[in-house]
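K.L.:
Here it is, the structure in full.
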Amino acid sequence: MRNKVQILSVRKNTIIIRKCKPRRGYWLGSICAVSLMVCMVIVLGGVTSKDLARSMSYIYNPVNSLYSDNSNIIFASVNALSRDNLNFVLPMSGSVATLDSSGNISMVVGSSIMIKATEAGVVEDVGTTVDGIKYIKILHCLDVCSVVENVDVVGVSKGDIVKRGQDIATVREGEKITLRLFDAGQQITNLKLNQSKIIWQD
C-alpha cells in the first residue's frame, strides 16, 4: 500500500536586485572639485603641480611650527629687545653661508627648505620687490631690522610676533636666499660668521 502525501501550501521566494542610481550630491561634489582645480590652474598660471603639492603639504600640515601658538609672548613694544641683547643666528640650517663686504649673507638651500627668524621681533613688512623677489622684514628693536629675500611660501604676515628660530617661510630647492641686517636704515657691514651665529662687531 502506497503512502499518500498531502501538499498543504506552496510558496515562491523571489529575490529582486535593484540598481541604485548615484546620488546627485556625489556628482555635484565631483563637479565642484574639478572646477576648483581648473580655477587654481588658471589663476596660478606657471606654478607646476609639484610645486603646488609641496606648498599645500607644508602649509596644511597641522604639526608645522607655523601653527604654533605665540599668544603667551609679551611684546608690548618694538623696543622690547635692546641692542645689547640681540643675538642673530643664520636663518637656514644645513646650508653653507657666505658673507661679502657689503654685509650680504647668502645661503643656498641645504638639507632643509625652512627659513627661520634670525632673531625675535615683529614682522614689519612682507612684500615683493620690483624684480619680483619675495621678502620678509622683521623689526628686532627700535632701529635694528633684518630682511630675508627670495623666499617662496610665506608663513607670517605683517604685525606677527616671531621668536628666534621660528619657521617663517620656505625656499625653493636649489635657490639662494639673502639676509641683510640694518641699523637706523643703513645696512650693517661689520659682521662676522661663527658657525650658525652672526656676530655684530663693534
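Note on naming: chains are A, B, ... as they come in the C-alpha cells, residues start from 1 per chain, ligands start from 1 in the order shown.
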Which neighbours of segment 84-87 of chain A fall inside 9 Å, counting only C-alpha atoms, when residues of the same chain fewer than 6 positions from it are skipped, and could you give them as a list of chain:residue names?
P.N.:
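With the cut-off at 9 Å, the set is A:Thr118, A:Glu119, A:Ala120, A:His140, A:Cys141, A:Arg164, A:Lys197, A:Ile198, A:Ile199, A:Trp200.
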K.L.:
Those residues you just picked out, can you put them in a file as a PDB file, in the first residue's frame with N, CA and C atoms?
P.N.:
ATOM      1  N   THR A 118      65.777  85.104  12.245  1.00  0.00           N
ATOM      2  CA  THR A 118      67.158  85.215  12.703  1.00  0.00           C
ATOM      3  C   THR A 118      67.259  85.732  14.140  1.00  0.00           C
ATOM      4  N   GLU A 119      66.199  86.393  14.595  1.00  0.00           N
ATOM      5  CA  GLU A 119      66.108  86.896  15.979  1.00  0.00           C
ATOM      6  C   GLU A 119      64.642  87.218  16.254  1.00  0.00           C
ATOM      7  N   ALA A 120      64.272  87.283  17.529  1.00  0.00           N
ATOM      8  CA  ALA A 120      62.887  87.607  17.886  1.00  0.00           C
ATOM      9  C   ALA A 120      62.540  89.023  17.438  1.00  0.00           C
ATOM     10  N   HIS A 140      63.568  94.100  15.026  1.00  0.00           N
ATOM     11  CA  HIS A 140      64.044  93.434  16.239  1.00  0.00           C
ATOM     12  C   HIS A 140      64.122  94.373  17.441  1.00  0.00           C
ATOM     13  N   CYS A 141      64.407  95.627  17.205  1.00  0.00           N
ATOM     14  CA  CYS A 141      64.315  96.670  18.220  1.00  0.00           C
ATOM     15  C   CYS A 141      64.064  97.977  17.484  1.00  0.00           C
ATOM     16  N   ARG A 164      63.062  83.822  17.906  1.00  0.00           N
ATOM     17  CA  ARG A 164      64.275  83.403  17.223  1.00  0.00           C
ATOM     18  C   ARG A 164      64.187  81.914  16.899  1.00  0.00           C
ATOM     19  N   LYS A 197      76.052  81.385  14.171  1.00  0.00           N
ATOM     20  CA  LYS A 197      75.805  82.702  14.749  1.00  0.00           C
ATOM     21  C   LYS A 197      76.319  83.814  13.852  1.00  0.00           C
ATOM     22  N   ILE A 198      75.608  84.951  13.914  1.00  0.00           N
ATOM     23  CA  ILE A 198      76.027  86.154  13.200  1.00  0.00           C
ATOM     24  C   ILE A 198      76.478  87.162  14.249  1.00  0.00           C
ATOM     25  N   ILE A 199      77.747  87.510  14.216  1.00  0.00           N
ATOM     26  CA  ILE A 199      78.313  88.389  15.231  1.00  0.00           C
ATOM     27  C   ILE A 199      78.394  89.807  14.668  1.00  0.00           C
ATOM     28  N   TRP A 200      77.799  90.747  15.405  1.00  0.00           N
ATOM     29  CA  TRP A 200      77.821  92.139  15.039  1.00  0.00           C
ATOM     30  C   TRP A 200      79.023  92.789  15.749  1.00  0.00           C
TER      31      TRP A 200
END
K.L.:
If we count only C-alpha atoms and set the cut-off at 9 Å, which residues sit around segment 95-102 of chain A, ignoring sequence neighbours fewer than 2 positions away in its own chain? Please answer as a PDB file with C-alpha atoms, in the first residue's frame.
P.N.:
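Done, and the output landed in around-v2.pdb:
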ATOM      1  CA  LEU A  90      71.539  82.059  10.427  1.00  0.00           C
ATOM      2  CA  MET A  92      68.672  78.225   7.436  1.00  0.00           C
ATOM      3  CA  SER A  93      70.194  75.086   8.904  1.00  0.00           C
ATOM      4  CA  ASN A 104      75.053  90.421   2.464  1.00  0.00           C
ATOM      5  CA  ILE A 105      74.759  86.906   3.851  1.00  0.00           C
ATOM      6  CA  SER A 106      73.915  84.401   1.102  1.00  0.00           C
ATOM      7  CA  MET A 107      72.795  80.808   1.658  1.00  0.00           C
ATOM      8  CA  VAL A 108      71.989  78.045  -0.809  1.00  0.00           C
ATOM      9  CA  VAL A 109      69.330  75.541   0.247  1.00  0.00           C
ATOM     10  CA  GLY A 110      70.888  72.574   2.009  1.00  0.00           C
ATOM     11  CA  SER A 111      69.154  69.796   3.929  1.00  0.00           C
ATOM     12  CA  SER A 112      66.104  71.923   4.767  1.00  0.00           C
ATOM     13  CA  GLN A 187      72.988  98.157   6.128  1.00  0.00           C
ATOM     14  CA  ILE A 188      75.331  96.665   8.719  1.00  0.00           C
ATOM     15  CA  THR A 189      78.647  95.670   7.142  1.00  0.00           C
ATOM     16  CA  ASN A 190      80.829  94.863  10.172  1.00  0.00           C
ATOM     17  CA  LEU A 191      79.538  91.319  10.561  1.00  0.00           C
ATOM     18  CA  LYS A 192      81.276  88.016  11.198  1.00  0.00           C
ATOM     19  CA  LEU A 193      80.004  84.439  10.899  1.00  0.00           C
ATOM     20  CA  SER A 196      75.409  79.345  12.979  1.00  0.00           C
TER      21      SER A 196
END
K.L.:
Extract, using only C-alpha atoms, all DNA, RNA and protein residues at most 8 Å from Arg172 of chain A, discarding same-chain residues fewer than 4 positions from it, and format them as a PyMOL selection string.
P.N.:
chain A and resi 109+113+151-152
K.L.:
Report, in Å with one decimal, the straight-line distance from atom CA of Glu124 of chain A to atom CA of Val156 of chain A.
P.N.:
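These two atoms are separated by 10.5 Å.
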K.L.:
With distances taken over only C-alpha atoms, which of A:Ala117, A:Val89, A:Val147, A:Val162 is nearest to Phe182 of chain A?
P.N.:
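That would be A:Val147, the residue with the smallest distance to Phe182 of chain A.
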K.L.:
Which residues come within 7 Å of Ile161 of chain A, counting only C-alpha atoms, excluding same-chain residues fewer than 3 positions away, as a PyMOL selection string?
P.N.:
chain A and resi 121-123
K.L.:
Restricting it to all heavy atoms, dump the selection as a short mmCIF file (atom, residue, chain, number, x, y, z; two decimals), in the first residue's frame.
P.N.:
data_model
loop_
_atom_site.label_atom_id
_atom_site.label_comp_id
_atom_site.auth_asym_id
_atom_site.auth_seq_id
_atom_site.Cartn_x
_atom_site.Cartn_y
_atom_site.Cartn_z
N GLY A 121 61.27 89.24 17.14
CA GLY A 121 60.85 90.58 16.73
C GLY A 121 59.43 90.59 16.21
O GLY A 121 58.65 89.66 16.44
N VAL A 122 59.09 91.66 15.50
CA VAL A 122 57.77 91.85 14.91
C VAL A 122 57.92 91.97 13.40
O VAL A 122 58.78 92.69 12.92
CB VAL A 122 57.09 93.12 15.48
CG1 VAL A 122 55.74 93.34 14.80
CG2 VAL A 122 56.92 93.03 16.98
N VAL A 123 57.09 91.24 12.66
CA VAL A 123 57.13 91.32 11.21
C VAL A 123 56.65 92.71 10.78
O VAL A 123 55.50 93.07 11.01
CB VAL A 123 56.26 90.23 10.56
CG1 VAL A 123 56.29 90.36 9.04
CG2 VAL A 123 56.72 88.85 10.98
#
K.L.:
Any idea what the distance is between atom CA of Leu36 of chain A and atom CA of Gly132 of chain A?
P.N.:
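Result for atom CA of Leu36 of chain A versus atom CA of Gly132 of chain A: 26.5 Å, one decimal.
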K.L.:
Atom CA of Gly159 of chain A and atom CA of Ile138 of chain A, how far apart in Å?
P.N.:
9.3 Å
